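In what follows, a structure is listed as structure tokens, so that the remarks can point back to it.
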Amino acid sequence: MSIITLTTDFGTKDHFVGAVKGAIYSMISDAKIVDISHEISPFNITETAYILKNAYKNFPEGTIHIVGVDSELNEDNKHIALLLNGHYFVCPDNGLISMITSEIIPTKIVEINIHDRLESNFSVLDVFVQVAAHLARGGTLEVIGKPLENYKKIFEMQPKVSRDLSIISGNIIYIDNYGNVISNISEKLFKEIGKGREFKLNASRYSFNKINYKYCDIVDFNQDSKFRQNEGNKLAIFNSAGFIEIAIYKSNLTTVGGASSLLGLSYRDSITIEFHKEGIN
């Protein structure tokens, strides 16, 4: 039996998540349901893409991912189902897939055409669950939709490189549970453009000239632990997802605060990296 994951902006206060799970179990009593997140900021597809892109690869091939963010059906927001990198996605066509598949092309994609079963504006419950159940039973995409050659693409939140290769301009795309801010500038892009040159990373009125690989890289472990004063220090890091992140070492949101609040950094704020022009190959 395939695993079915849920990624939504429903939160956990209301009945929505429970209703979706109940509907899945009603159709497939032995279903395996995994919650990726229900705490996505409302209608935030950039945040959805970041979380889903870094989570789905850890599931086995054949997993079915239901995405319930900005999922109301309308003329500008179709419902689609697709096979990507061995995984099925059932989601709205709102640009989300283009942000997940910047380097991977879907094997197959269809526009869902079973909307005669739509009983309310709760598309995830009325339509996405039925599609997921169909796929979990071994059904094919063609049965629930007509082939689609393309899907909506969003390029707005992609990092940009200056013509002289001296500046990468990006944005903050996610703020995590610790208050750390994650940019859309990947380690791969940084290395391809930087080619080992010295640089300055600018975020608001703060700057960095080093990017670490571990949070504890800023700690001098040769110093007696009684005299270490590292908690609350800011740092830049290549995070586990391969993106540049700005963090506060051992941040505590309930007392000290995180990088977002302490440094005044918010979603969509700009991040720039300026490289020394000397040494460009």
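Naming works like this for the structure tokens: A, B, ... for the chains as they're shown, residue 1 at the start of each chain, ligands 1 onward in shown order.
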Would you please extract all strand (DSSP E or B) residues from stretch 3-150 of chain A, as assigned by DSSP on the backbone, and give them as number ranges by chain?
A: 3-8, 32-37, 64-68, 74, 77, 79-84, 87-92, 108-112, 145-147
Among stretch 35-274 of chain A, which residues carry a DSSP assignment of helix (DSSP H, G or I), reported as a count of residues only?
60
For the contact check between stretch 76-126 of chain A and stretch 10-34 of chain A, emit one row per residue of stretch 76-126 of chain A within 12 Å, containing the shortest atom pair and the distance in Å rounded to one decimal, counting only C-alpha atoms, chain then rising number order, as JSON lines.
```
{"residue": "A:Phe122", "atom": "CA", "partner": "A:Phe16", "partner_atom": "CA", "distance": 8.8}
{"residue": "A:Ser123", "atom": "CA", "partner": "A:Val20", "partner_atom": "CA", "distance": 10.3}
{"residue": "A:Val124", "atom": "CA", "partner": "A:Val20", "partner_atom": "CA", "distance": 7.3}
{"residue": "A:Leu125", "atom": "CA", "partner": "A:Val20", "partner_atom": "CA", "distance": 5.4}
{"residue": "A:Asp126", "atom": "CA", "partner": "A:Val20", "partner_atom": "CA", "distance": 8.9}
```
Keeping N, CA and C atoms for every residue in the selection just given, could you write it to a file as an mmCIF file, in the first residue's frame?
```
data_model
loop_
_atom_site.group_PDB
_atom_site.id
_atom_site.type_symbol
_atom_site.label_atom_id
_atom_site.label_comp_id
_atom_site.auth_asym_id
_atom_site.auth_seq_id
_atom_site.Cartn_x
_atom_site.Cartn_y
_atom_site.Cartn_z
ATOM 1 N N PHE A 122 -14.286 22.632 -0.562
ATOM 2 C CA PHE A 122 -13.221 21.904 0.125
ATOM 3 C C PHE A 122 -12.636 20.894 -0.863
ATOM 4 N N SER A 123 -11.837 21.393 -1.781
ATOM 5 C CA SER A 123 -11.326 20.570 -2.881
ATOM 6 C C SER A 123 -10.473 19.405 -2.408
ATOM 7 N N VAL A 124 -9.682 19.618 -1.382
ATOM 8 C CA VAL A 124 -8.802 18.554 -0.901
ATOM 9 C C VAL A 124 -9.628 17.352 -0.464
ATOM 10 N N LEU A 125 -10.727 17.614 0.239
ATOM 11 C CA LEU A 125 -11.589 16.534 0.725
ATOM 12 C C LEU A 125 -12.381 15.897 -0.409
ATOM 13 N N ASP A 126 -12.976 16.720 -1.260
ATOM 14 C CA ASP A 126 -13.899 16.211 -2.277
ATOM 15 C C ASP A 126 -13.205 15.602 -3.488
#
```
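One finds atom CA of A:Ala236 at 14.0 Å from atom CA of A:Ile175.
Between A:Gly179 and the candidates A:Arg205, A:Lys234, A:Lys152, A:Lys210, the tightest atom-to-atom separation, counting only C-alpha atoms, involves A:Lys234.
Distance check against A:Leu189 using only C-alpha atoms: of A:Met157, A:Leu235, A:Ala259, A:Ile244, the minimum falls on A:Ile244.
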Can you tell me, as a PyMOL selection string, what residues are no more than 12 Å from A:Pro159 when counting only C-alpha atoms, ignoring any on the same chain fewer than 3 positions away?
chain A and resi 155-156+162+167-173+183-186+189-190+193+243-244+268+270-273
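Proximity ranking of A:Tyr174, A:Phe238, A:Phe89, A:Phe199 relative to A:Asn212 places A:Phe238 first, based on only C-alpha atoms.
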Give me, as a list in words, all polymer residues having an atom no more than 7 Å from A:Gly86, counting only C-alpha atoms and skipping those fewer than 2 positions away in the same chain.
Glu61, Gly62, Leu83, Leu84 and Tyr88 of chain A
Rounded to one decimal, what separation in Å do you get between atom CA of A:Ser71 and atom CA of A:Pro92?
5.2 Å
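Shell of A:Ser166 at 7 Å, with only C-alpha atoms counted and residues fewer than 2 places along the chain excluded, is Ser162, Asp164, Glu274, Phe275, His276 and Lys277 of chain A.
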Would you export the selected residues with N, CA, C and O atoms as a PDB file, in the first residue's frame, please?
```pdb
ATOM      1  N   SER A 162      24.071  39.047 -11.741  1.00  0.00           N
ATOM      2  CA  SER A 162      24.397  40.204 -12.577  1.00  0.00           C
ATOM      3  C   SER A 162      25.218  39.766 -13.789  1.00  0.00           C
ATOM      4  O   SER A 162      25.871  38.718 -13.780  1.00  0.00           O
ATOM      5  N   ASP A 164      27.954  40.814 -15.003  1.00  0.00           N
ATOM      6  CA  ASP A 164      29.399  40.689 -14.795  1.00  0.00           C
ATOM      7  C   ASP A 164      29.755  39.633 -13.751  1.00  0.00           C
ATOM      8  O   ASP A 164      30.905  39.506 -13.340  1.00  0.00           O
ATOM      9  N   GLU A 274      27.915  39.945  -2.855  1.00  0.00           N
ATOM     10  CA  GLU A 274      28.803  40.714  -3.730  1.00  0.00           C
ATOM     11  C   GLU A 274      30.184  40.045  -3.721  1.00  0.00           C
ATOM     12  O   GLU A 274      30.834  39.936  -2.685  1.00  0.00           O
ATOM     13  N   PHE A 275      30.632  39.603  -4.900  1.00  0.00           N
ATOM     14  CA  PHE A 275      31.938  38.968  -5.030  1.00  0.00           C
ATOM     15  C   PHE A 275      32.985  39.975  -5.503  1.00  0.00           C
ATOM     16  O   PHE A 275      32.666  40.897  -6.266  1.00  0.00           O
ATOM     17  N   HIS A 276      34.216  39.779  -5.077  1.00  0.00           N
ATOM     18  CA  HIS A 276      35.316  40.571  -5.623  1.00  0.00           C
ATOM     19  C   HIS A 276      35.453  40.231  -7.110  1.00  0.00           C
ATOM     20  O   HIS A 276      35.408  39.066  -7.487  1.00  0.00           O
ATOM     21  N   LYS A 277      35.609  41.224  -7.937  1.00  0.00           N
ATOM     22  CA  LYS A 277      35.643  41.009  -9.382  1.00  0.00           C
ATOM     23  C   LYS A 277      36.932  40.367  -9.839  1.00  0.00           C
ATOM     24  O   LYS A 277      36.992  39.775 -10.916  1.00  0.00           O
TER      25      LYS A 277
END
```
Counting only C-alpha atoms, the option among A:Ala241, A:Ile104, A:Ile248, A:Ile97 closest to A:Asn54
A:Ala241
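Using only C-alpha atoms, the nearest neighbour of A:Met1 within the list A:Ala133, A:Ile182, A:Leu201, A:Leu141 is A:Ala133.
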I'd like the interatomic distance between atom CA of A:Ser204 and atom CA of A:Asn239, to a tenth of an Å.
19.9 Å
